[in-house]
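Participant: Enclosed is the structure file input.txt (compact mmCIF, C-alpha atoms).
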```txt
# COMPACT_ATOMS: atom_id res chain seq x y z
CA GLN K 23 122.77 130.93 104.29
CA VAL K 24 123.63 127.68 102.51
CA GLN K 25 127.14 127.70 101.08
CA LEU K 26 128.45 125.26 98.50
CA VAL K 27 132.00 125.34 97.15
CA GLU K 28 133.05 123.07 94.29
CA SER K 29 136.63 122.19 93.43
CA GLY K 30 138.64 119.65 91.47
CA GLY K 31 137.90 120.66 87.89
CA ASP K 32 140.75 120.48 85.41
CA LEU K 33 141.81 119.78 81.83
CA VAL K 34 142.00 116.02 81.24
CA GLN K 35 142.50 113.80 78.22
CA PRO K 36 139.73 111.52 76.92
CA GLY K 37 139.64 108.34 78.96
CA GLY K 38 141.02 110.11 82.01
CA SER K 39 139.59 110.55 85.49
CA LEU K 40 138.85 113.38 87.88
CA ARG K 41 137.31 113.72 91.32
CA LEU K 42 135.21 116.76 92.08
CA SER K 43 134.43 117.92 95.60
CA CYS K 44 131.57 119.99 96.98
CA ALA K 45 132.10 121.40 100.46
CA ALA K 46 128.89 122.45 102.17
CA SER K 47 128.33 124.69 105.16
CA GLU K 48 125.71 126.69 107.03
CA PHE K 49 123.00 124.03 106.85
CA PRO K 50 122.29 120.60 108.37
CA PHE K 51 124.11 118.66 105.68
CA THR K 52 123.04 115.20 106.76
CA VAL K 53 119.31 115.75 106.26
CA TYR K 54 119.46 116.74 102.61
CA TYR K 55 120.07 114.97 99.37
CA ILE K 56 122.73 116.61 97.23
CA ASN K 57 122.86 116.88 93.45
CA TRP K 58 125.51 117.42 90.82
CA PHE K 59 124.53 119.25 87.63
CA ARG K 60 126.58 120.38 84.65
CA GLN K 61 126.28 123.04 82.02
CA ALA K 62 128.12 123.14 78.71
CA PRO K 63 128.38 126.42 76.74
CA GLY K 64 125.10 127.23 75.05
CA ASN K 65 123.28 124.40 76.82
CA GLN K 66 120.89 124.19 79.73
CA ARG K 67 122.04 122.97 83.13
CA ASP K 68 121.56 119.20 83.20
CA PHE K 69 121.21 116.76 86.08
CA VAL K 70 124.18 114.43 86.55
CA ALA K 71 123.82 112.59 89.86
CA ARG K 72 122.11 112.61 93.26
CA ILE K 73 122.97 111.11 96.61
CA PHE K 74 120.26 110.66 99.22
CA THR K 75 120.63 110.86 102.99
CA THR K 76 120.53 107.06 103.05
CA GLY K 77 123.49 106.87 100.69
CA GLY K 78 121.35 105.75 97.80
CA THR K 79 122.26 107.23 94.43
CA THR K 80 120.82 107.97 91.04
CA TYR K 81 122.50 109.03 87.79
CA SER K 82 121.69 110.39 84.39
CA ASP K 83 121.92 107.81 81.63
CA SER K 84 124.83 109.68 80.06
CA VAL K 85 127.13 109.10 83.06
CA LYS K 86 125.80 105.86 84.52
CA GLY K 87 128.59 103.36 84.96
CA ARG K 88 131.30 106.02 84.62
CA PHE K 89 130.60 108.47 87.45
CA THR K 90 130.18 107.75 91.14
CA ILE K 91 128.71 110.16 93.68
CA SER K 92 129.53 109.77 97.36
CA ARG K 93 129.30 111.79 100.56
CA ASP K 94 131.33 112.16 103.73
CA ASN K 95 128.94 113.48 106.36
CA ALA K 96 131.75 114.04 108.85
CA LYS K 97 133.36 116.47 106.39
CA ASN K 98 130.13 117.92 104.98
CA THR K 99 131.45 117.06 101.54
CA VAL K 100 130.05 115.37 98.46
CA TYR K 101 132.29 113.91 95.78
CA LEU K 102 131.86 113.07 92.13
CA GLN K 103 134.36 110.51 90.89
CA MET K 104 134.46 110.66 87.10
CA THR K 105 136.14 107.99 84.99
CA ASP K 106 136.38 107.26 81.27
CA LEU K 107 135.86 110.94 80.58
CA ARG K 108 134.71 111.97 77.12
CA PRO K 109 134.82 115.31 75.28
CA GLU K 110 131.04 115.57 75.74
CA ASP K 111 131.59 115.65 79.51
CA THR K 112 133.17 119.08 79.11
CA ALA K 113 131.12 121.52 81.19
CA VAL K 114 130.98 123.57 84.35
CA TYR K 115 129.94 121.25 87.16
CA TYR K 116 127.75 122.53 89.99
CA CYS K 117 126.55 121.01 93.21
CA ASN K 118 123.05 121.79 94.34
CA VAL K 119 120.81 121.46 97.36
CA VAL K 120 117.16 122.38 97.78
CA SER K 121 116.32 123.79 101.19
CA ALA K 122 112.87 125.10 102.12
CA GLY K 123 111.97 125.18 98.45
CA VAL K 124 114.99 127.27 97.48
CA ASN K 125 117.66 126.02 95.07
CA TYR K 126 121.21 126.69 96.22
CA TRP K 127 124.19 126.45 93.87
CA GLY K 128 127.91 126.69 94.19
CA GLN K 129 130.07 128.76 91.84
CA GLY K 130 130.91 125.72 89.70
CA THR K 131 134.14 124.07 88.64
CA GLN K 132 135.29 123.71 85.02
CA VAL K 133 135.95 120.27 83.57
CA THR K 134 137.49 120.16 80.10
CA VAL K 135 138.05 116.86 78.32
CA SER K 136 140.32 117.30 75.34
CA SER K 137 143.43 115.85 73.75
```
Mind converting the file's structure to structure tokens?

Facilitator:
Amino acid sequence: QVQLVESGGDLVQPGGSLRLSCAASEFPFTVYYINWFRQAPGNQRDFVARIFTTGGTTYSDSVKGRFTISRDNAKNTVYLQMTDLRPEDTAVYYCNVVSAGVNYWGQGTQVTVSS
């Protein structure tokens, strides 16, 4: 059973930074790409970033240039470094992996950007 556990969410002022972590277990971490999504109240869950097994990355337009996704295969962990945070970044952030056609999600971590 794939397990994903997010952490690092917090209340931060506009312009601030946070680093989210996603610890993965119970699957061969190195052979999968990993995604970050986010969901604000009343909204659908939106794609934020992806990191491939090669280390290549892709981002949504709304976070490009401000967020950086990375992975540490030795620790089975994916990170999302977020800078220049804006109130519209407020959401629950989830990491995601697709294995054998099944979507797996963590429990999410809350990020609130407010003064």

Participant: Between CA of Gln23 (chain K) and CA of Tyr81 (chain K), what distance in Å does the model show, to one decimal?

Facilitator: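 CA of Tyr81 (chain K) lies 27.4 Å from CA of Gln23 (chain K).
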
Participant: Return the single residue from K:Gln61, K:Gln132, K:Asn118, K:Gln103 that is closest to Leu26 (chain K), with distances computed using all atoms listed in the file.

Facilitator: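 When distances to Leu26 (chain K) are compared using all atoms listed in the file, the smallest one comes from K:Asn118.
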
Participant: Taking the point (126.9, 122.2, 102.9) as given in the file, collect each protein or nucleic acid residue that comes within 12 Å of it, counting only C-alpha atoms, and present the set as a ChimeraX atom specification.

Facilitator: /K:23-28,43-57,93-100,117-121,126-128

Participant: Figure out the distance between CA of Val133 (chain K) and CA of Ile91 (chain K), please, to one decimal in Å.

Facilitator: 16.0 Å

Participant: List as a compact mmCIF listing (two decimals) with C-alpha atoms, keeping the file's coordinate frame the residues having at least one atom at most 7 Å from position (134.7, 110.5, 94.9) as given in the file, counting only C-alpha atoms.

Facilitator:
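For reference, result06.txt as written:
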```txt
# COMPACT_ATOMS: atom_id res chain seq x y z
CA ARG K 41 137.31 113.72 91.32
CA LEU K 42 135.21 116.76 92.08
CA THR K 90 130.18 107.75 91.14
CA ILE K 91 128.71 110.16 93.68
CA SER K 92 129.53 109.77 97.36
CA TYR K 101 132.29 113.91 95.78
CA LEU K 102 131.86 113.07 92.13
CA GLN K 103 134.36 110.51 90.89
```

Participant: Leaving out region 63-70 of chain K and any residue of its chain fewer than 4 positions from it, which residues lie within 6 Å of it when counting all atoms listed in the file, given as a short mmCIF file (atom, residue, chain, number, x, y, z; two decimals) with C-alpha atoms, keeping the file's coordinate frame?

Facilitator:
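Output file result33.cif follows:
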```cif
data_model
loop_
_atom_site.label_atom_id
_atom_site.label_comp_id
_atom_site.auth_asym_id
_atom_site.auth_seq_id
_atom_site.Cartn_x
_atom_site.Cartn_y
_atom_site.Cartn_z
CA TRP K 58 125.51 117.42 90.82
CA PHE K 59 124.53 119.25 87.63
CA TYR K 81 122.50 109.03 87.79
CA SER K 82 121.69 110.39 84.39
#
```

Participant: Rounded to one decimal place, report the CA of Asp32 (chain K)-CA of Tyr115 (chain K) distance in Å.

Facilitator: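 If I compute the distance from CA of Asp32 (chain K) to CA of Tyr115 (chain K), I get 11.0 Å.
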
Participant: Using only the atoms of region 76-95 of chain K listed in the file, plus 5 Å on each side, state the axis-aligned box centre and edge lengths in Å rounded to one decimal, as AutoDock Vina command-line options.

Facilitator:
```
--center_x 125.9 --center_y 108.4 --center_z 93.2 --size_x 20.8 --size_y 20.1 --size_z 36.3
```

Participant: Return the single residue from K:Gly123, K:Thr76, K:Leu33, K:Val135 that is closest to Asp111 (chain K), with distances computed using all atoms listed in the file.

Facilitator: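 Among K:Gly123, K:Thr76, K:Leu33, K:Val135, it is K:Val135 that comes nearest to Asp111 (chain K).
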
Participant: Looking at K:Ala113, K:Leu107, K:Val124, K:Ala71, which one is nearest to Pro36 (chain K), with distances taken over all atoms listed in the file?

Facilitator: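 Closest to Pro36 (chain K), using all atoms listed in the file: K:Leu107.
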
Participant: Any idea what's packed within 9 Å of Ser137 (chain K), counting only C-alpha atoms, ignoring anything in its chain fewer than 3 positions away? Could you give it as an mmCIF file with C-alpha atoms, in the frame of the given file?

Facilitator:
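Resulting contents of around_21.cif:
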```
data_model
loop_
_atom_site.group_PDB
_atom_site.id
_atom_site.type_symbol
_atom_site.label_atom_id
_atom_site.label_comp_id
_atom_site.auth_asym_id
_atom_site.auth_seq_id
_atom_site.Cartn_x
_atom_site.Cartn_y
_atom_site.Cartn_z
ATOM 1 C CA VAL K 34 142.000 116.020 81.240
ATOM 2 C CA GLN K 35 142.500 113.800 78.220
ATOM 3 C CA PRO K 36 139.730 111.520 76.920
ATOM 4 C CA PRO K 109 134.820 115.310 75.280
#
```
